[in-house]
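Visitor: First the structure, which I've put down as structure tokens, then a few questions once you've had a look.
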Amino acid sequence: MLLELQDVTLKYGRIEALHGISLQVEEGEIVALIGANGAGKTSTMRAVSGLNPLASGKIVFNGEDISTLRADLRVIKGICQSPEGRGVFPGMTVRENLDMGAYTRRDSAGIAADLERVFGLFPRLLERAKQAAGTLSGGEQQMLAVGRALMSRPKLLLLDEPSMGLAPMIIQQIFDIITEINQQGTTVLLVEQNAQQALSRAHRGYVLETGAIVKAGTGQDLLTDPAVKEAYLGVA
Amino acid sequence: MPDEREVLLDVDHVTLRFGGVVALNDVSFSLYKGEILGLIGPNGAGKTTCFNVMTGVYKPTSGGVLFDDKKITGKKPHEINRMGVARTFQNIRLFPEMSAIENVMVGTDSRHYTSVLGALFRLYRVKVKPEELPRVDSSNGLVRTWQQVARTSAKIFGLSRHTLEERAGERKSLELLRLVGIEHRANELARNLPYGDQRRLEIARALATEPKLLCLDEPAAGFNPAEKEQLNQLIRKIRDMGYTVLLIEHDMRLVMGVTDRIVVLEFGKKIAEGTPAEIRDNPKVIAAYLGESADAA
Amino acid sequence: MNFDELFGHLGQHTVDGLAKGSIYALVALGYTLVYGVLKLINFAHSEVFMIGTFAVLGVWNLLGADGTQGVAMTLLLLAAGLLGGALASGATAVAVERVAYRRLRQLNAPPLIFLITAIGISMVLSETFGIWQGRLVVGMPTLIKQKVAFTIFGTEVTNTQLITIVAALVMMFALDQFINRTRYGRGVRAVAQNPDAAALMGVNKDRVIMLIFLLGGLLAGAAALLYSVRYGNTRFNVGFLLGLKAFTAAVLGGIGNLRGALLGGLLLGVVEVYAATLTQSNWEDVAAFVVLVVVLLFRPTGLLGESLGRARA
Amino acid sequence: MGLSAALLGMAACQDAGSDDTTDSAACGGKIAIFGAFTGPNAGLVIPSLNGAKLAVKQFNAANPDCKVTMQDFDTQGNADQATPIANQVAQDQSFTSVIGGHFSGESKATMATYDAAGLVMVSPSATAAELTTLGHKNFFRVVGNDDTQGEAAVTYIKNVLKGQKVFVIDDGQTYGVGIIDKVKAGLGATVAGSDKVQTDQQNFDATISKIKSAKADVIAYGGYTNEAAPLLKQARAAGVTAKFLGFDGLYDPGFPKGAGAAADGAVVTCPCLPAAEAGGTFSADFTKEYGEAPGSYGAEGYDGATILLEGYKAGKKTRAELQEWVRAYDKQGVSKYLKFAENGDVDKSKVVIWSYDITGGAFKPQQEIKLS
Amino acid sequence: MTETPNEGRLSGVSNFFAGVGNRWRGLPKWQRGIGFLAFVAFLYYLPLLGVPGLTWLRTDSIEGGNNWAGVLFTCAVYVLIALGLNVVIGLAGLLDLGYVGFFAIGAYAVAIFGSTQSPVVKSLQDKFDLAPEWAITWAICIPIAIALAMISGVILGWPTLRLRGDYLAIVTLGFGEIIRIVIRNSTNWSGGPAGIASIPGPQGAPSADNHIFGLIDAKPWYWLALSIVLLVVFLVRRLENSRVGRSWLAVREDEDAAAVMGVNPFKFKMWAFAIGAALGGLSGFLFASRQGFIEPNQFNANLSILFVAMVVVGGSGNMAGAALGAVLLAYLPERFRDFSEYRFLVFGLALVLVMLLRPQGLLPSKRRARELKDRQEEVAVGA
């Protein structure tokens with residue numbers, strides 16, 4: 001078991017955003033979290049990456065309790081999140097953003113190799129390497145955010161809405177890349193609006209509703225679940 | 001067919017650029033009095049941006065928005081509100097340290113006339129009806145005497161406009177809280193309300209400004225099906241009260257169930273417009289939402 | 001209005017102003033670094049500078065500087081003064097962060113609380129020196145005899161002015177390179193632009209914050225040395241007015257923007273000298289603040305805008 | 001409510017009870033002395049306080065049957081701190097005379113209060129000319145005013161420094177402006193330029209440029225050490241060789257200390273007597289008591305106290321009596337012959353003004369400036 | 001990792017305040033009314049304070065101490081300042097570091113128009129052939145002072161209120177300095193560095209015949225200032241409990257949302273600025289007529305910072321808190337004059353300690369305290 005959340009609750013001020021989430025991610029899996037806006041998907045991610053303190057519960061990563069570990073130290077343990085809303089550093093160039101991804105790494109050869117790999121996955125980023133990230137289009141920023149996350153060579157990659165605001169063709173590409181990354185050995189925890197895509201790629205999935213998990217299953221199971229279909233596609 | 005109805009809001013070839021990014025690309029549509037219009041599209045399609053242009057938060061790069069035949073662009077947000085446009089926010093933006101009723105009263109204030117000096121000196125007096133006079137109801141003798149003095153002085157001098165408006169605002173706010181169903185939480189701080197009640201409070205606060213047009217930005221986000229159903233009822237009730245409603249929403253069931261017409265945006269462009277039934281069968285919309293075939297884009 | 005004097009020796013006044021502004025700029029960098037990352041005004045920075053000047057004085061007295069030493073000894077004194085001043089200022093800045101700000105950051109206190117705390121710290125530091133060193137100016141040995149280094153278009157540039165301006169530019173350049181080219185610098189910028197995302201990249205925010213306080217302190221220490229060389233005295237409240245001007249300079253250039261601090265400092269120095277020349281020296285502060293207001297009216301985020309934290313403007 | 005009424009009654013009794021503790025004694029009384037005993041310019045005022053303390057000590061030793069006490073109040077030189085102190089002293093009937101203020105601002109701020117209370121003020125060092133023009137009958141000073149000092153400075157510049165082009169600078173404060181205006185008026189066309197600096201100013205490039213452009217041979221500076229020392233140091237470093245003349249505000253050991261070698265050759269004038277010239281054994285006594293020579297206004301502080309002490313000795317007990325005593329005083333003091341003109345200024349013919357020059361970081365009495 | 005050091009140290013004090021506050025709020029309204037009246041009565045009685053066991057409070061109970069009623073008057077003036085600044089900082093959330101400017105304007109208004117020694121009055125006398133005793137009456141100077149301060153508030157606010165918070169701070173700081181320097185440097189109308197003396201009080205120019213508002217006894221002055229403070233408290237409460245207070249709060253909490261709800265943020269910020277300025281002017285006016293003499297050096301930037309410190313230390317947003325802060329900051333340095341040189345060192349230390357241990361201020365508004373607590377709860381693990 002690579003990651004396990006045990007009965008995690010999380011609060012913003014006095015409002016409880018997660019009421020006791022428990023989930024597991026096995027090594028080598030792609031796990032998708034789906035749910036409507038405000039269902040608690042992003043809060044779950046922030047709890048895992050350490051951006052929000054837990055109100056209660058426990059997070060175990062690689063057999064180690066990381067519930068109170070600082071976010072930057074979790075990165076060193078091998079958890080890297082590509083934040084929602086892209087979260088690139090707008091004042092830095094594309095290249096610098098990617099370098100930021102490798103902030104905790106010291107193996108310059110490995111970094112160079114990974115840079116190659118990211119540029120290979122996203123040739124668009126190579127074209128714009130010297131451009132400030134803030135001037136990129138939405139899709140390009142999204143690619144950059146994913147690329148940047150890859151640069152830290154995480155054991156567990158957290159992707160928050162990688163398809164947001166992207167054209168279908170690019171969404172397709174992004175998911176291809178996610179699959180590819182996963183095949184290269186990175187475990188992926190994925191939060192998605194685009195349930196169709198996410199579930200078809202994921203090994204397993206969880207459905208969140210108002211801060212709690214209401215359904216779990218394999219990607220295919222959920223994809224064919226009529227309730228899921230109705231909730232996300234508006235068609236019965 | 002649409003031309004017979006009275007246009008309330010007209011979005012006219014609006015384009016908006018941020019730096020190099022085109023957020024809205026030549027978007028045009030109209031909103032008719034008394035209807036519920038849905039504005040949908042995938043995340044990042046420009047719905048909220050469009051909304052912000054319509055409510056004066058952003059100024060379009062080109063094109064314009066007419067409300068009630070008056071130009072809305074370039075007006076300040078509070079002026080637009082005075083013209084009759086009210087809105088809620090996608091990521092709830094209440095005044096967290098104020099109580100629920102205070103939040104709504106901020107809305108009612110926009111229709112009141114007491115000035116700063118009026119609030120300070122309260123010299124503008126208004127004759128009041130007997131039933132509006134201060135009550136004498138205390139059992140404590142000292143307090144009772146005081147209440148009698150207050151009542152008599154109100155009888156003779158009337159009450160200040162400030163006091164009357166304050167009371168009217170309070171009454172109306174309570175009514176609105178009742179309408180959205182959270183009147184029992186009137187005195188709780190906004191930030192302590194449960195999520196769903198916060199969303200409802202936002203709607204009450206927007207209604208308090210007596211708008212001609214109510215814009216709801218993802219009001220069902222984070223709701224469970226039962227809550228969505230309640231919301232569905234509420235929106236219909238609001239429409240029946242004579243408001244025009246613009247609804248941005250992800251939840252298809254809600255949108256399909258409540259709206260009269262739907263406008264679909266994708267990548268800052270309008271890709272479809274029509275009744276829920278038409279939209280449901282539109283291949284472009286299906287493509288945009290389900291991402292099944294890339295060629296549709 | 002003495003236009004003859006101003007335009008008769010415009011070059012001279014400009015050089016004077018640039019030299020004066022260089023010191024503003026170095027101190028302004030301290031404000032700008034902290035503001036850029038933490039969005040708070042470190043009011044105690046003026047005392048960081050003050051302590052630097054006293055450290056320089058202490059080091060010089062310890063080494064027996066008396067203004068008659070030879071070239072080698074002068075260089076040694078300069079180096080020792082730089083070391084002493086930078087260490088003292090840097091240590092003070094870091095200590096202020098640890099003692100006062102860290103806890104407030106943990107409490108996520110609003111900026112106003114930081115401001116008052118900083119004012120308190122500032123009072124404690126300057127009063128300590130006021131009691132210890134007296135409240136009058138304390139003279140320092142003259143290390144470098146002022147001489148005309150070169151004359152250009154009839155403008156005499158003295159050696160100390162030259163040293164001040166060049167040193168300020170060099171340090172500014174070095175800092176710019178550090179921030180823009182090194183890994184640590186990237187960390188600083190990352191925290192400034194998006195602290196959450198920076199944490200997700202493994203940046204230790206506490207360490208970055210300590211680093212910027214240290215950097216600001218080191219630069220203030222360097223400024224203290226230049227100040228000591230050029231003006232040859234200090235005082236317990238030497239930092240107050242200078243800090244105020246430096247902060248003004250930082251805002252003028254666009255707070256959070258390193259190059260803005262340089263530009264703002266130099267501009268402010270020149271404006272002040274011009275104003276003092278045109279009228280009388282006691283109008284220079286008015287001129288400084290009027291320029292600030294005018295600039296902010298037309299460019300609400302300063303001349304160059306905010307840079308380190310541009311994302312969140 | 002009943003309780004607070006009772007408290008009110010008690011308080012009324014208590015408050016009224018703080019009067020005439022002195023009437024029981026046959027002789028003696030209480031003096032208040034106020035001034036900037038802390039703060040940046042305390043160095044100018046401490047000698048005067050010490051001088052007065054010395055006088056009281058000597059007096060009490062010599063007259064065990066006529067005890068006089070002196071209470072000091074620190075104003076830090078601020079007018080707004082001096083005002084409540086004046087209220088305190090005015091209301092405390094045990095105080096029958098006042099020494100102070102030491103600076104002009106605090107004197108101006110409080111003289112109306114003391115006047116209303118009938119308290120005599122004997123100032124050792126408040127020199128602003130206007131103080132004796134405001135119509136208060138209770139104010140006397142044992143020191144020459146700025147007008148006189150300004151005149152002396154003009155004489156000195158003309159006759160000793162032989163200045164042809166004088167550059168005048170003041171610090172924009174009451175004291176500096178007052179004296180510099182007088183100097184300007186006295187020098188007329190020989191003033192080649194002027195500038196005003198401000199408190200805590202650090203960089204004087206603009207002023208120095210103006211001095212250079214004016215090709216001045218004498219600089220006259222009205223103000224205090226904190227600005228004068230850096231100004232002089234920077235001016236010398238920039239190659240300004242004009243002679244530097246300051247006034248009593250710079251007669252402070254901090255000035256040569258702050259300006260360092262640049263202060264050598266600078267001259268200050270002061271309406272105060274060199275220690276060695278003081279009458280009697282004052283200088284020796286002072287040095288013995290405090291371990292240092294009386295600086296600025298030490299002798300004046302001593303004189304101010306002595307005038308009042310002799311009044312107590314002569315059996316004057318009330319505020320009015322003491323005020324009359326001071327008005328009629330006519331005797332040689334240690335600093336000068338003490339006799340007051342109608343407005344409270346020391347008789348102009350008795351004013352003593354000396355110039356001091358700085359050599360090796362210390363003030364050396366140079367000569368007495370005779371007013372022509 | 002969110003350690004909570006020192007939490008316990010001041011909690012005794014906090015609990016005490018909280019306990020008193022809660023019990024107070026729990027009382028019936030009429031009892032609170034009587035309690036308040038008793039408190040007011042005590043305030044009026046304060047200058048006569050002679051209750052055994054409490055006399056050590058008096059500032060003249062120490063050697064070289066200051067006049068007790070005089071200090072009380074200063075406290076009252078500072079409370080007035082704090083009330084005004086609290087409108088700006090506490091209610092509207094604007095950081096004004098140049099408040100001393102308004103204080104100076106009020107003080108100089110009465111000096112320039114009311115004193116026979118002011119250059120302006122003198123030139124008016126010459127121009128219209130008036131008697132040398134002529135000057136504008138004290139009572140007429142009140143509206144002049146308030147109006148001038150308000151106008152300058154609007155002039156300062158118009159361009160600067162559009163700026164973001166921190167910029168506003170430095171610009172206002174500059175404004176305060178400009179006022180002081182301009183007054184100091186212009187001798188022809190402001191008296192320049194020498195200041196202006198013989199500023200009138202309610203009984204006219206200062207003289208020995210003024211028995212009530214005279215130079216010596218500060219008690220009537222204190223009572224006057226206290227009465228004005230109470231009046232202002234009453235008026236500011238009216239503002240707080242009206243749409244104006246609501247709008248300020250809404251703008252402070254979320255300016256954009258407030259604007260969308262029809263609140264004109266600029267207008268209300270401007271009003272806060274103008275009201276704050278008016279109160280600053282009024283307090284300057286009182287200060288000057290009591291002192292009888294003012295000079296520009298009394299209005300330096302340090303004082304502005306002290307004013308802000310009063311409000312924040314006491315608890316911004318709460319009138320009682322701001323007033324407490326003002327009283328403490330005016331009173332403590334006087335009561336502990338024995339510390340002489342160390343006074344401001346101790347003061348600075350106290351400031352730091354209060355802020356570190358009780359950042360919400362000594363007597364915070366309920367809202368502010370909660371806000372702070374919620375902020376604390378929202379800190380990220382790594383922050």
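How things are named: the first chain in the structure tokens is A, the next is B, and so on; residues count from 1 in each chain; ligands count from 1 in the order shown.
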Can you pull out every residue from range 32-199 of chain C that DSSP, working from the backbone, puts in alpha helix (DSSP H), and format the result as a PDB file with C-alpha atoms, in the first residue's frame?

Guide:
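File written: result-v2.pdb
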ATOM      1  CA  THR C  32      11.414  45.016  -0.724  1.00  0.00           C
ATOM      2  CA  LEU C  33      12.687  41.478  -0.206  1.00  0.00           C
ATOM      3  CA  VAL C  34      10.606  40.975   2.898  1.00  0.00           C
ATOM      4  CA  TYR C  35       7.573  42.642   1.408  1.00  0.00           C
ATOM      5  CA  GLY C  36       7.865  40.717  -1.811  1.00  0.00           C
ATOM      6  CA  VAL C  37       7.685  37.409  -0.008  1.00  0.00           C
ATOM      7  CA  LEU C  38       5.669  38.077   3.131  1.00  0.00           C
ATOM      8  CA  HIS C  45      14.698  47.103   9.225  1.00  0.00           C
ATOM      9  CA  SER C  46      15.806  50.659   9.976  1.00  0.00           C
ATOM     10  CA  GLU C  47      17.275  49.431  13.249  1.00  0.00           C
ATOM     11  CA  VAL C  48      18.993  46.587  11.435  1.00  0.00           C
ATOM     12  CA  PHE C  49      20.828  49.285   9.530  1.00  0.00           C
ATOM     13  CA  MET C  50      21.535  51.273  12.697  1.00  0.00           C
ATOM     14  CA  ILE C  51      23.100  48.272  14.386  1.00  0.00           C
ATOM     15  CA  GLY C  52      25.228  47.774  11.293  1.00  0.00           C
ATOM     16  CA  THR C  53      26.693  51.252  11.644  1.00  0.00           C
ATOM     17  CA  PHE C  54      27.515  50.682  15.298  1.00  0.00           C
ATOM     18  CA  ALA C  55      29.103  47.347  14.446  1.00  0.00           C
ATOM     19  CA  VAL C  56      31.268  49.034  11.839  1.00  0.00           C
ATOM     20  CA  LEU C  57      32.269  51.624  14.399  1.00  0.00           C
ATOM     21  CA  GLY C  58      33.019  48.935  16.960  1.00  0.00           C
ATOM     22  CA  VAL C  59      35.186  46.977  14.553  1.00  0.00           C
ATOM     23  CA  TRP C  60      37.101  50.064  13.520  1.00  0.00           C
ATOM     24  CA  ASN C  61      37.692  51.112  17.093  1.00  0.00           C
ATOM     25  CA  LEU C  62      38.819  47.619  17.952  1.00  0.00           C
ATOM     26  CA  VAL C  71      46.423  51.778   2.110  1.00  0.00           C
ATOM     27  CA  ALA C  72      46.731  48.150   3.186  1.00  0.00           C
ATOM     28  CA  MET C  73      45.337  48.907   6.599  1.00  0.00           C
ATOM     29  CA  THR C  74      42.506  50.908   5.047  1.00  0.00           C
ATOM     30  CA  LEU C  75      41.535  47.985   2.895  1.00  0.00           C
ATOM     31  CA  LEU C  76      41.703  45.706   5.887  1.00  0.00           C
ATOM     32  CA  LEU C  77      39.506  48.074   7.863  1.00  0.00           C
ATOM     33  CA  LEU C  78      37.017  48.266   5.030  1.00  0.00           C
ATOM     34  CA  ALA C  79      36.852  44.512   4.771  1.00  0.00           C
ATOM     35  CA  ALA C  80      36.595  44.090   8.526  1.00  0.00           C
ATOM     36  CA  GLY C  81      33.934  46.805   8.692  1.00  0.00           C
ATOM     37  CA  LEU C  82      31.955  45.146   5.922  1.00  0.00           C
ATOM     38  CA  LEU C  83      32.209  41.822   7.662  1.00  0.00           C
ATOM     39  CA  GLY C  84      31.297  43.232  11.042  1.00  0.00           C
ATOM     40  CA  GLY C  85      28.451  45.372   9.760  1.00  0.00           C
ATOM     41  CA  ALA C  86      27.001  42.655   7.559  1.00  0.00           C
ATOM     42  CA  LEU C  87      27.242  40.039  10.270  1.00  0.00           C
ATOM     43  CA  ALA C  88      25.687  42.269  12.900  1.00  0.00           C
ATOM     44  CA  SER C  89      22.892  43.439  10.619  1.00  0.00           C
ATOM     45  CA  GLY C  90      22.264  40.004   9.204  1.00  0.00           C
ATOM     46  CA  ALA C  91      22.152  38.473  12.657  1.00  0.00           C
ATOM     47  CA  THR C  92      19.820  41.197  13.894  1.00  0.00           C
ATOM     48  CA  ALA C  93      17.475  40.743  10.962  1.00  0.00           C
ATOM     49  CA  VAL C  94      17.327  36.993  11.415  1.00  0.00           C
ATOM     50  CA  ALA C  95      16.883  37.375  15.154  1.00  0.00           C
ATOM     51  CA  VAL C  96      14.005  39.802  14.627  1.00  0.00           C
ATOM     52  CA  ARG C 102       7.786  33.593  13.323  1.00  0.00           C
ATOM     53  CA  ARG C 103       5.210  33.246  16.026  1.00  0.00           C
ATOM     54  CA  LEU C 104       2.941  35.747  14.354  1.00  0.00           C
ATOM     55  CA  ARG C 105       3.244  33.831  11.118  1.00  0.00           C
ATOM     56  CA  GLN C 106       2.264  30.681  12.915  1.00  0.00           C
ATOM     57  CA  PRO C 111      -0.424  42.580   8.742  1.00  0.00           C
ATOM     58  CA  LEU C 112      -1.310  45.264  11.257  1.00  0.00           C
ATOM     59  CA  ILE C 113      -0.114  43.067  14.109  1.00  0.00           C
ATOM     60  CA  PHE C 114       3.216  42.556  12.369  1.00  0.00           C
ATOM     61  CA  LEU C 115       3.507  46.278  11.921  1.00  0.00           C
ATOM     62  CA  ILE C 116       2.994  47.100  15.576  1.00  0.00           C
ATOM     63  CA  THR C 117       5.316  44.326  16.667  1.00  0.00           C
ATOM     64  CA  ALA C 118       7.946  45.644  14.298  1.00  0.00           C
ATOM     65  CA  ILE C 119       7.490  49.117  15.709  1.00  0.00           C
ATOM     66  CA  GLY C 120       7.946  47.731  19.204  1.00  0.00           C
ATOM     67  CA  ILE C 121      11.107  45.881  18.208  1.00  0.00           C
ATOM     68  CA  SER C 122      12.356  48.975  16.492  1.00  0.00           C
ATOM     69  CA  MET C 123      11.818  51.010  19.660  1.00  0.00           C
ATOM     70  CA  VAL C 124      13.564  48.441  21.807  1.00  0.00           C
ATOM     71  CA  LEU C 125      16.608  48.334  19.553  1.00  0.00           C
ATOM     72  CA  SER C 126      17.004  52.051  19.058  1.00  0.00           C
ATOM     73  CA  GLU C 127      16.324  52.872  22.704  1.00  0.00           C
ATOM     74  CA  THR C 128      18.881  50.294  23.783  1.00  0.00           C
ATOM     75  CA  PHE C 129      21.479  52.068  21.702  1.00  0.00           C
ATOM     76  CA  GLY C 130      20.196  55.448  22.830  1.00  0.00           C
ATOM     77  CA  ILE C 131      20.815  54.530  26.434  1.00  0.00           C
ATOM     78  CA  TRP C 132      24.042  52.730  25.784  1.00  0.00           C
ATOM     79  CA  GLN C 133      25.668  55.083  23.278  1.00  0.00           C
ATOM     80  CA  ASN C 159      36.189  58.876  -4.422  1.00  0.00           C
ATOM     81  CA  THR C 160      33.661  58.143  -1.680  1.00  0.00           C
ATOM     82  CA  GLN C 161      30.743  58.942  -3.940  1.00  0.00           C
ATOM     83  CA  LEU C 162      32.223  56.687  -6.560  1.00  0.00           C
ATOM     84  CA  ILE C 163      32.715  53.891  -4.052  1.00  0.00           C
ATOM     85  CA  THR C 164      29.168  54.262  -2.778  1.00  0.00           C
ATOM     86  CA  ILE C 165      27.526  54.230  -6.169  1.00  0.00           C
ATOM     87  CA  VAL C 166      29.673  51.458  -7.603  1.00  0.00           C
ATOM     88  CA  ALA C 167      29.363  49.299  -4.513  1.00  0.00           C
ATOM     89  CA  ALA C 168      25.607  49.725  -4.472  1.00  0.00           C
ATOM     90  CA  LEU C 169      25.346  48.794  -8.146  1.00  0.00           C
ATOM     91  CA  VAL C 170      27.611  45.785  -7.706  1.00  0.00           C
ATOM     92  CA  MET C 171      25.633  44.504  -4.750  1.00  0.00           C
ATOM     93  CA  MET C 172      22.391  45.153  -6.520  1.00  0.00           C
ATOM     94  CA  PHE C 173      23.658  43.193  -9.500  1.00  0.00           C
ATOM     95  CA  ALA C 174      24.865  40.369  -7.296  1.00  0.00           C
ATOM     96  CA  LEU C 175      21.529  40.156  -5.547  1.00  0.00           C
ATOM     97  CA  ASP C 176      19.692  40.235  -8.825  1.00  0.00           C
ATOM     98  CA  GLN C 177      21.801  37.380 -10.093  1.00  0.00           C
ATOM     99  CA  PHE C 178      21.313  35.465  -6.890  1.00  0.00           C
ATOM    100  CA  ILE C 179      17.570  35.805  -7.049  1.00  0.00           C
ATOM    101  CA  ASN C 180      17.263  35.131 -10.742  1.00  0.00           C
ATOM    102  CA  ARG C 181      19.942  32.579 -11.362  1.00  0.00           C
ATOM    103  CA  ARG C 183      18.337  27.591  -6.886  1.00  0.00           C
ATOM    104  CA  TYR C 184      17.799  29.504  -3.638  1.00  0.00           C
ATOM    105  CA  GLY C 185      16.776  32.557  -5.567  1.00  0.00           C
ATOM    106  CA  ARG C 186      14.219  30.507  -7.434  1.00  0.00           C
ATOM    107  CA  GLY C 187      12.912  29.279  -4.114  1.00  0.00           C
ATOM    108  CA  VAL C 188      12.500  32.849  -2.952  1.00  0.00           C
ATOM    109  CA  ARG C 189      10.631  33.819  -6.059  1.00  0.00           C
ATOM    110  CA  ALA C 190       8.487  30.725  -5.886  1.00  0.00           C
ATOM    111  CA  VAL C 191       7.377  31.491  -2.343  1.00  0.00           C
ATOM    112  CA  ALA C 192       6.682  35.082  -3.348  1.00  0.00           C
ATOM    113  CA  GLN C 193       4.594  34.122  -6.350  1.00  0.00           C
ATOM    114  CA  PRO C 195       3.544  29.930  -1.525  1.00  0.00           C
ATOM    115  CA  ASP C 196       1.292  26.879  -1.769  1.00  0.00           C
ATOM    116  CA  ALA C 197       2.706  25.723  -5.040  1.00  0.00           C
ATOM    117  CA  ALA C 198       6.201  26.404  -3.709  1.00  0.00           C
ATOM    118  CA  ALA C 199       5.554  24.124  -0.757  1.00  0.00           C
TER     119      ALA C 199
END

Visitor: With 6 Å as the limit and counting only C-alpha atoms, what residues in chain D lie close to chain E? Please list them as a ChimeraX atom specification.

Guide: /D:11,14,73,84-85,87-88,109,113,116,173-174

Visitor: Selected residues, N, CA, C and O atoms, written as a compact mmCIF listing (two decimals), in the first residue's frame, please.

Guide:
# COMPACT_ATOMS: atom_id res chain seq x y z
N ALA D 11 -12.74 62.13 48.93
CA ALA D 11 -11.74 62.62 47.99
C ALA D 11 -11.60 64.13 48.13
O ALA D 11 -10.50 64.67 48.08
N GLN D 14 -9.43 64.81 50.91
CA GLN D 14 -8.06 64.38 50.68
C GLN D 14 -7.34 65.34 49.74
O GLN D 14 -6.20 65.71 49.97
N PHE D 73 12.23 68.14 37.62
CA PHE D 73 11.22 67.59 36.71
C PHE D 73 11.81 67.52 35.31
O PHE D 73 12.25 68.53 34.77
N PRO D 84 2.09 69.87 31.67
CA PRO D 84 1.50 69.26 32.87
C PRO D 84 2.39 69.42 34.10
O PRO D 84 1.87 69.53 35.22
N ILE D 85 3.68 69.46 33.90
CA ILE D 85 4.58 69.68 35.04
C ILE D 85 4.30 71.06 35.63
O ILE D 85 4.25 71.23 36.85
N ASN D 87 1.54 72.60 35.60
CA ASN D 87 0.30 72.50 36.38
C ASN D 87 0.56 71.92 37.75
O ASN D 87 0.03 72.38 38.75
N GLN D 88 1.37 70.89 37.75
CA GLN D 88 1.67 70.21 39.00
C GLN D 88 2.34 71.18 39.97
O GLN D 88 1.92 71.30 41.12
N ALA D 109 6.09 77.76 26.58
CA ALA D 109 4.87 76.99 26.78
C ALA D 109 4.35 77.11 28.20
O ALA D 109 3.16 76.95 28.44
N THR D 113 1.38 79.79 32.57
CA THR D 113 0.89 79.02 33.71
C THR D 113 1.56 79.47 35.00
O THR D 113 0.90 79.74 36.02
N ALA D 116 0.34 82.85 36.02
CA ALA D 116 -0.97 82.82 36.64
C ALA D 116 -0.89 82.32 38.08
O ALA D 116 -1.68 82.72 38.92
N GLN D 173 14.62 75.50 13.81
CA GLN D 173 13.98 75.48 15.11
C GLN D 173 13.99 76.90 15.69
O GLN D 173 14.76 77.76 15.24
N THR D 174 13.17 77.09 16.71
CA THR D 174 13.04 78.42 17.32
C THR D 174 14.40 79.05 17.60
O THR D 174 14.68 80.18 17.20

Visitor: So, with only C-alpha atoms as the atoms that count, which of C:Leu6, C:Leu63, C:Leu40, C:Leu262 lies closest to chain E?

Guide: C:Leu40

Visitor: Tell me which protein, DNA and RNA residues are within 10 Å of Lys11 in chain A, counting only C-alpha atoms, leaving out same-chain ones fewer than 6 positions away, and put them as number ranges by chain.

Guide: A: 17-19, 43, 52-56; E: 377-378

Visitor: Could you please determine the separation between CA of Val334 in chain D and CA of Ser349 in chain D in Å, to one decimal place?

Guide: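 Computing it gives 16.1 Å between the two atoms.
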
Visitor: Please report the interatomic distance between CA of Glu210 in chain B and CA of Lys75 in chain B in Å with one decimal.

Guide: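 Going from CA of Glu210 in chain B over to CA of Lys75 in chain B, I get 18.6 Å.
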
Visitor: Taking 5 positions as the minimum chain separation for residues in the same chain, which residues sit within 9 Å of Gly204 in chain E when counting only C-alpha atoms? Answer as a list in words.

Guide: Gly114, Thr137, Trp138, Ile199, Asn210 and Phe213 of chain E

Visitor: With a distance cut-off of 7 Å and only C-alpha atoms, select the neighbouring residues of range 353-368 of chain E, excluding the residue or stretch itself and same-chain residues fewer than 4 positions from it, and output the selection as number ranges by chain.

Guide: B: 97; C: 104, 113, 117; E: 6, 10, 312-318, 321, 349, 372

Visitor: Up to 8 Å from chain C, what residues of chain A turn up? Count only C-alpha atoms and give them as a list in words.

Guide: Ser49, Leu51, Ala71, Asp72, Leu73, Arg74, Val75, Ile76, Cys80, Gln81, Ser82, Pro83, Gly87, Val88, Phe89, Pro90, Gly91, Glu96, Met100, Gly101, Ala102, Tyr103, Thr104, Ala149 and Ser152 of chain A
